[in-house]
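Source file: data02.txt (compact mmCIF, C-alpha atoms)
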# COMPACT_ATOMS: atom_id res chain seq x y z
CA MET A 1 5.98 14.46 34.67
CA LYS A 2 7.94 17.54 33.82
CA GLU A 3 7.48 21.17 34.62
CA VAL A 4 6.82 23.51 31.73
CA ALA A 5 7.54 27.27 31.52
CA SER A 6 4.10 28.21 32.87
CA GLY A 7 4.81 26.41 36.13
CA LYS A 8 2.26 23.67 35.39
CA GLN A 9 3.19 20.07 35.14
CA SER A 10 2.64 18.15 31.93
CA GLN A 11 2.82 14.48 31.23
CA ASP A 12 4.65 13.35 28.12
CA VAL A 13 2.77 10.56 26.44
CA MET A 14 4.14 8.74 23.46
CA SER A 15 2.94 5.62 21.83
CA ARG A 16 4.28 3.57 19.01
CA LYS A 17 2.03 2.89 16.06
CA ILE A 18 2.96 1.08 12.89
CA MET A 19 2.08 2.89 9.70
CA ARG A 20 -0.44 1.07 7.52
CA ASP A 21 2.12 0.63 4.78
CA PHE A 22 4.37 -1.34 7.14
CA VAL A 23 1.80 -3.72 8.63
CA GLY A 24 3.06 -7.26 8.36
CA LEU A 25 6.74 -6.34 8.29
CA ASP A 26 8.78 -8.00 10.98
CA SER A 27 10.54 -5.34 13.06
CA THR A 28 13.77 -7.33 12.93
CA ASP A 29 13.82 -7.53 9.13
CA ALA A 30 15.64 -4.32 8.27
CA SER A 31 16.14 -5.29 4.62
CA ALA A 32 12.38 -5.72 4.10
CA GLN A 33 11.70 -2.39 5.81
CA ASN A 34 14.25 -0.72 3.58
CA ALA A 35 12.73 -2.40 0.52
CA MET A 36 9.28 -1.13 1.53
CA LEU A 37 10.57 2.42 1.97
CA ASN A 38 12.29 2.28 -1.42
CA PHE A 39 9.16 0.85 -3.03
CA SER A 40 7.01 3.66 -1.57
CA TYR A 41 9.46 6.30 -2.67
CA HIS A 42 9.87 5.03 -6.23
CA LEU A 43 6.14 4.38 -6.62
CA THR A 44 5.42 7.96 -5.59
CA ALA A 45 8.14 9.29 -7.88
CA GLY A 46 6.73 7.26 -10.79
CA ASP A 47 9.95 5.31 -11.29
CA MET A 48 8.45 1.85 -11.81
CA ASP A 49 11.69 0.07 -12.72
CA GLU A 50 13.24 0.99 -9.39
CA ALA A 51 9.98 0.23 -7.52
CA PHE A 52 9.94 -3.30 -8.97
CA LYS A 53 13.60 -3.78 -8.06
CA ALA A 54 12.89 -2.73 -4.48
CA ILE A 55 10.10 -5.25 -3.90
CA LYS A 56 12.03 -8.34 -4.96
CA LEU A 57 13.17 -8.91 -1.35
CA ILE A 58 9.69 -8.89 0.17
CA LYS A 59 8.18 -12.26 1.08
CA GLY A 60 5.18 -11.79 3.40
CA SER A 61 1.67 -11.83 1.97
CA ARG A 62 0.48 -9.11 4.38
CA VAL A 63 3.22 -6.84 3.10
CA TRP A 64 2.13 -7.49 -0.49
CA GLU A 65 -1.45 -6.67 0.52
CA SER A 66 -0.29 -3.43 2.08
CA MET A 67 1.55 -2.53 -1.11
CA ALA A 68 -1.53 -3.38 -3.18
CA ARG A 69 -3.51 -0.96 -0.99
CA MET A 70 -0.90 1.69 -1.71
CA CYS A 71 -1.53 1.02 -5.39
CA VAL A 72 -5.18 1.98 -4.93
CA LYS A 73 -4.06 5.34 -3.53
CA SER A 74 -1.53 5.88 -6.30
CA ARG A 75 -3.84 4.31 -8.94
CA ARG A 76 -1.13 2.00 -10.25
CA LEU A 77 -2.89 -1.07 -11.61
CA ASP A 78 0.27 -2.48 -13.17
CA VAL A 79 2.03 -2.67 -9.81
CA ALA A 80 -1.14 -3.89 -8.14
CA GLN A 81 -1.20 -6.94 -10.42
CA VAL A 82 2.30 -7.90 -9.27
CA CYS A 83 1.28 -7.43 -5.64
CA LEU A 84 -1.91 -9.48 -6.06
CA ALA A 85 0.02 -12.26 -7.81
CA ASN A 86 2.56 -12.42 -4.99
CA MET A 87 -0.31 -12.56 -2.51
CA GLY A 88 -1.65 -15.60 -4.37
CA HIS A 89 -4.84 -13.66 -5.17
CA ALA A 90 -5.52 -15.06 -8.65
CA ARG A 91 -9.13 -13.86 -8.70
CA GLY A 92 -7.94 -10.34 -7.96
CA VAL A 93 -5.38 -10.42 -10.77
CA ARG A 94 -8.07 -11.60 -13.16
CA ALA A 95 -10.51 -8.93 -11.98
CA VAL A 96 -7.92 -6.18 -12.50
CA ARG A 97 -7.11 -7.50 -15.99
CA GLU A 98 -10.80 -7.52 -16.89
CA ALA A 99 -11.22 -4.04 -15.42
CA GLU A 100 -8.57 -2.75 -17.81
CA LYS A 101 -11.25 -2.89 -20.50
CA GLU A 102 -13.17 -0.17 -18.66
CA PRO A 103 -12.75 3.22 -20.33
CA GLU A 104 -12.78 5.16 -17.04
CA ARG A 105 -9.66 4.94 -14.88
CA ASN A 106 -11.53 5.41 -11.59
CA ALA A 107 -13.73 2.41 -12.39
CA ARG A 108 -10.63 0.26 -12.96
CA VAL A 109 -9.09 1.37 -9.66
CA ALA A 110 -12.42 0.87 -7.89
CA ARG A 111 -12.41 -2.76 -9.03
CA LEU A 112 -9.00 -3.22 -7.44
CA ALA A 113 -10.25 -1.56 -4.26
CA LEU A 114 -13.20 -3.96 -4.12
CA GLU A 115 -10.88 -6.96 -4.47
CA LEU A 116 -8.91 -5.67 -1.49
CA LYS A 117 -12.14 -5.10 0.49
CA MET A 118 -11.59 -1.34 0.45
CA ASN A 119 -15.28 -0.62 -0.06
CA VAL A 120 -15.17 3.00 1.10
CA SER A 121 -12.37 3.80 -1.34
CA ALA A 122 -14.19 2.01 -4.16
CA ASN A 123 -17.36 3.96 -3.46
CA PHE A 124 -15.42 7.22 -3.39
CA LEU A 125 -13.82 6.44 -6.75
CA VAL A 126 -17.08 5.79 -8.61
CA THR A 127 -19.19 8.59 -7.16

Kindly transcribe the structure held in the file into structure tokens.
Amino acid sequence: MKEVASGKQSQDVMSRKIMRDFVGLDSTDASAQNAMLNFSYHLTAGDMDEAFKAIKLIKGSRVWESMARMCVKSRRLDVAQVCLANMGHARGVRAVREAEKEPERNARVARLALELKMNVSANFLVT
């Protein structure tokens, strides 16, 4: 406990929580964490060449799934296909390829969201 200016005591409470984008990353694997940060940055900036370079170091399937979920948010189906392939999710890759025939972008992204069991996001995209 520490005393604050008002004379009352307050209790500092901190907890550690892993961001969704980093679930599955081993805390000791600094290179994978750095790769994930670079991937997120370049994906957001729209620099796909650099984003693809950044993810070459990543091995874990949970990390690939997390990146595929980020692709739903950023609506990047091209990157999502790479993530799904590295997850070993062949059905998902096929579903995204078939969804590319859809004229509406939100419907294509919703199909990806369904493959990742992101039902709320999929529903939001099509309504």

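Among the candidates A:Ala85, A:Val72, A:Ala45, A:Val13, the one nearest to Ala110 (chain A) when counting all atoms listed in the file is A:Val72.
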
Counting only C-alpha atoms, which residues of region 47-98 of chain A fall within 7 Å of region 27-43 of chain A, and what is the closest atom pair for each with its distance in Å at one decimal, ordered by chain and rising number, as a tab-separated table?
residue	atom	partner	partner_atom	distance
A:Asp47	CA	A:His42	CA	5.1
A:Met48	CA	A:Leu43	CA	6.2
A:Glu50	CA	A:His42	CA	6.1
A:Ala51	CA	A:Phe39	CA	4.6
A:Ala54	CA	A:Ala35	CA	5.0
A:Ile55	CA	A:Ala35	CA	5.9
A:Leu57	CA	A:Ala32	CA	6.4
A:Ile58	CA	A:Ala32	CA	5.7

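Counting all atoms listed in the file and comparing A:Ala122, A:Thr127, A:Gly60, A:Phe52, the residue that lies closest to Ala80 (chain A) is A:Phe52.
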
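With only C-alpha atoms as the basis for measurement, A:Arg108 is the residue among A:His89, A:Lys53, A:Arg94, A:Arg108 that approaches Arg76 (chain A) most closely.
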
Which centre and which edge lengths, in Å to one decimal, describe the axis-aligned box that holds all listed atoms of region 75-79 of chain A after 4 Å is added on each side, as AutoDock Vina command-line options?
--center_x -0.9 --center_y 0.8 --center_z -11.1 --size_x 13.9 --size_y 15.0 --size_z 12.2

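CA of Ala99 (chain A) is found 11.5 Å from CA of Ala113 (chain A).
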
- Message: Excluding Val96 (chain A) and its own-chain neighbours fewer than 6 positions away, which residues fall within 12 Å of it when counting all atoms listed in the file? Please give them as a ChimeraX atom specification.
- Response: /A:68,71-72,75-85,89-90,102,105,107-116
